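Chemist: This structure is in structure tokens; I'll ask about it shortly.
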Amino acid sequence: MEAGDGTEEPPLPLALTRFQVSEEFGFLLPDPLTELPEPYGPWMEVAHELPQLIASHRLRSRVHQMPQLSARHLRGREELHLAHLVLSFITMGYVWQEGEEGTVQVLPRNLAVPYWEVSEALGLPPILSHADFVLANWRKKDPNGNLDTIIALPGGESLRGFILVTLLVEKAAVPGIKAIIRAHHAILQRDEETLQRALEELAGAIEAMSKALRRMHDHVDPAVFYAVIRIFLSGWKDNPAMPDGLVYEGVSEEPLAYSGGSAAQSTVLHAFDELLGIRHSQDTTAFLHRMRNYMPPPHRAFVEEIHRAPSLKQHVLSSGDGRLRTAFNRCVSALTEFRSCHITIVTKYISVAAAKAKAGLAEPGARAGPALGKPPTALEAKGTGGSHIFSFLKSIRDTTREGMISA
């Protein structure tokens, strides 16, 4: 369309602003709030003391003393996200304070009701998810750009490292998220040069994500992750430690079941899979689609919009362009490598750490978890989201590799 002819080009069907996705931060919440307004001081006080309250087994009694507050005074997305983060962390600490053998069956009304209200307002489930744990849980520590978490659980520097490395993976994905928009536009315009550049940008972003993910080895102690951190990410669905779920007092008389936090709740990989036309097995697809219910609704809508868009893979195939095919395959190869990297980390931080814990070889410092000296067992073979972890991850990696276009 010629410029200046008096007509406006129609807006792109895919535009980041429509889906609360940031040009600078991607799916991360830009500049999250770190304090709630005055009426919610009691929540913030408990949240800032969580590691100490859990270690001294005092969190549950502190929660019982919290006043009954309504979420109706919260204003705007940022306040709601911080409230959800705070209440999620308090809830995980409350449920898992005594480890997997000392769980509770009821979340008290003064926590359950406002948590439900905030969750309904955001379209998120009332449990800690990736959207809380990583996307909304970061702040700038100083003017030099150093980062820190807003709310913490037991795990010290290893917990901080786990959250912030995951955050860096999300940040590394941002050029790839923007490349999705460019690729989609290029397909509509049949602009092969722009499409090739977009695919190269996407591949570069996925490679940068793998590089960021490998920093986990430098910042997270496997024994601390396994014995201390992991239980606080566990949910009450598909978890033998809480087979009946959890009653949210004042919300439901029947117990409710929700999956714990999982990397499968990151919108990034869902978006890349949809763009590249990766097709996973039926069981894996069902689990991944269930994990989309743990994403902020606008992010979930972004993934669904990519699914409905014209097929990139079909476009590359029908173009017969060797350079496009090479660029497409580089993206698939990079995504396969990222998933292999994830399997390596899960092996080190879960299966090897579990074997060492069983053999009593874990470092003494790792025995600061809620179940003192006793490694958790309920989720040995499962992820915190409830999936059978190795078969799930290997299946995803292998079906990603099968997405390559053969010459």
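So you can find residues: chains in the structure tokens are A, B, ... in the order shown, residues in each start at 1, and ligands are numbered from 1 in order.
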List as a PyMOL selection string the protein and nucleic acid residues near segment 83-87 of chain A, meaning an atom at most 8 Å away when only C-alpha atoms are counted, but skip any in the same chain fewer than 2 places from it.
Modeler: chain A and resi 36+43-44+47+79-81+89-91+111+115+118-119+128+132-133+136-137+151
Chemist: Within segment 214-405 of chain A, find each residue whose DSSP state, derived from the backbone, is helix (DSSP H, G or I), and express the selection as a ChimeraX atom specification.
Modeler: /A:216-219,222-233,263-265,267-276,282-294,297-308,312-319,322-358,364-366,389-401
Chemist: Compile the contact shell of Tyr94 of chain A as a list in words: residues with an atom at most 9 Å away, counting only C-alpha atoms, same-chain residues fewer than 5 positions apart removed.
Modeler: Ile54, Leu59, Arg60, Val63, Phe89, Thr103, Val104 and Leu107 of chain A
Chemist: Find the spatial neighbours of Pro154 of chain A, counting only C-alpha atoms, within a cut-off of 8 Å - ignore same-chain residues fewer than 5 positions away - and output them as a PyMOL selection string.
Modeler: chain A and resi 50-52+54-55+159+228-229+369
Chemist: Next, write the just-selected residues to a file, as a PDB file, in the first residue's frame, keeping C-alpha atoms as the atom set.
Modeler:
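The result, stored in result_32.pdb:
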ATOM      1  CA  LEU A  50       8.715 -16.145  55.033  1.00  0.00           C
ATOM      2  CA  PRO A  51      12.100 -17.950  55.157  1.00  0.00           C
ATOM      3  CA  GLN A  52      12.494 -17.254  58.900  1.00  0.00           C
ATOM      4  CA  ILE A  54       9.001 -21.350  57.878  1.00  0.00           C
ATOM      5  CA  ALA A  55      12.365 -22.347  59.369  1.00  0.00           C
ATOM      6  CA  LEU A 159      16.515 -19.938  45.422  1.00  0.00           C
ATOM      7  CA  VAL A 228      14.695 -27.368  50.260  1.00  0.00           C
ATOM      8  CA  ILE A 229      13.337 -25.419  47.278  1.00  0.00           C
ATOM      9  CA  GLY A 369      14.466 -27.748  54.523  1.00  0.00           C
TER      10      GLY A 369
END
Chemist: Write out, as CSV, each residue of segment 18-130 of chain A that has an atom at most 10 Å from segment 260-265 of chain A, together with the closest pair of atoms and their distance in Å to one decimal, counting only C-alpha atoms, rows going by chain and rising number.
Modeler:
residue,atom,partner,partner_atom,distance
A:Met92,CA,A:Gly260,CA,9.5
A:Ile127,CA,A:Gly260,CA,7.1
A:Leu128,CA,A:Gly261,CA,6.0
A:Ser129,CA,A:Gly261,CA,4.4
A:His130,CA,A:Gly261,CA,5.6
Chemist: Give me, as a compact mmCIF listing (two decimals) with N, CA, C and O atoms, in the first residue's frame, all polymer residues having an atom no more than 8 Å from Ile345 of chain A, counting only C-alpha atoms and skipping those fewer than 4 positions away in the same chain.
Modeler:
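The result, written out as result-v4.txt:
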# COMPACT_ATOMS: atom_id res chain seq x y z
N MET A 216 22.44 -21.83 35.39
CA MET A 216 21.87 -22.50 36.56
C MET A 216 22.96 -23.26 37.31
O MET A 216 22.97 -23.29 38.55
N HIS A 217 23.89 -23.86 36.57
CA HIS A 217 24.96 -24.66 37.19
C HIS A 217 25.82 -23.80 38.12
O HIS A 217 26.39 -24.32 39.09
N CYS A 341 19.28 -29.28 26.88
CA CYS A 341 19.93 -28.57 27.99
C CYS A 341 19.06 -28.65 29.25
O CYS A 341 19.56 -28.88 30.35
N TYR A 349 19.65 -31.84 38.90
CA TYR A 349 18.98 -31.22 40.05
C TYR A 349 17.88 -32.08 40.65
O TYR A 349 17.42 -31.79 41.75
Chemist: Assign secondary structure with DSSP using the backbone only, and return the residues of segment 216-402 of chain A in strand (DSSP E or B) as a list in words.
Modeler: Leu246, Val247, Tyr248, Leu256, Lys382 and His388 of chain A
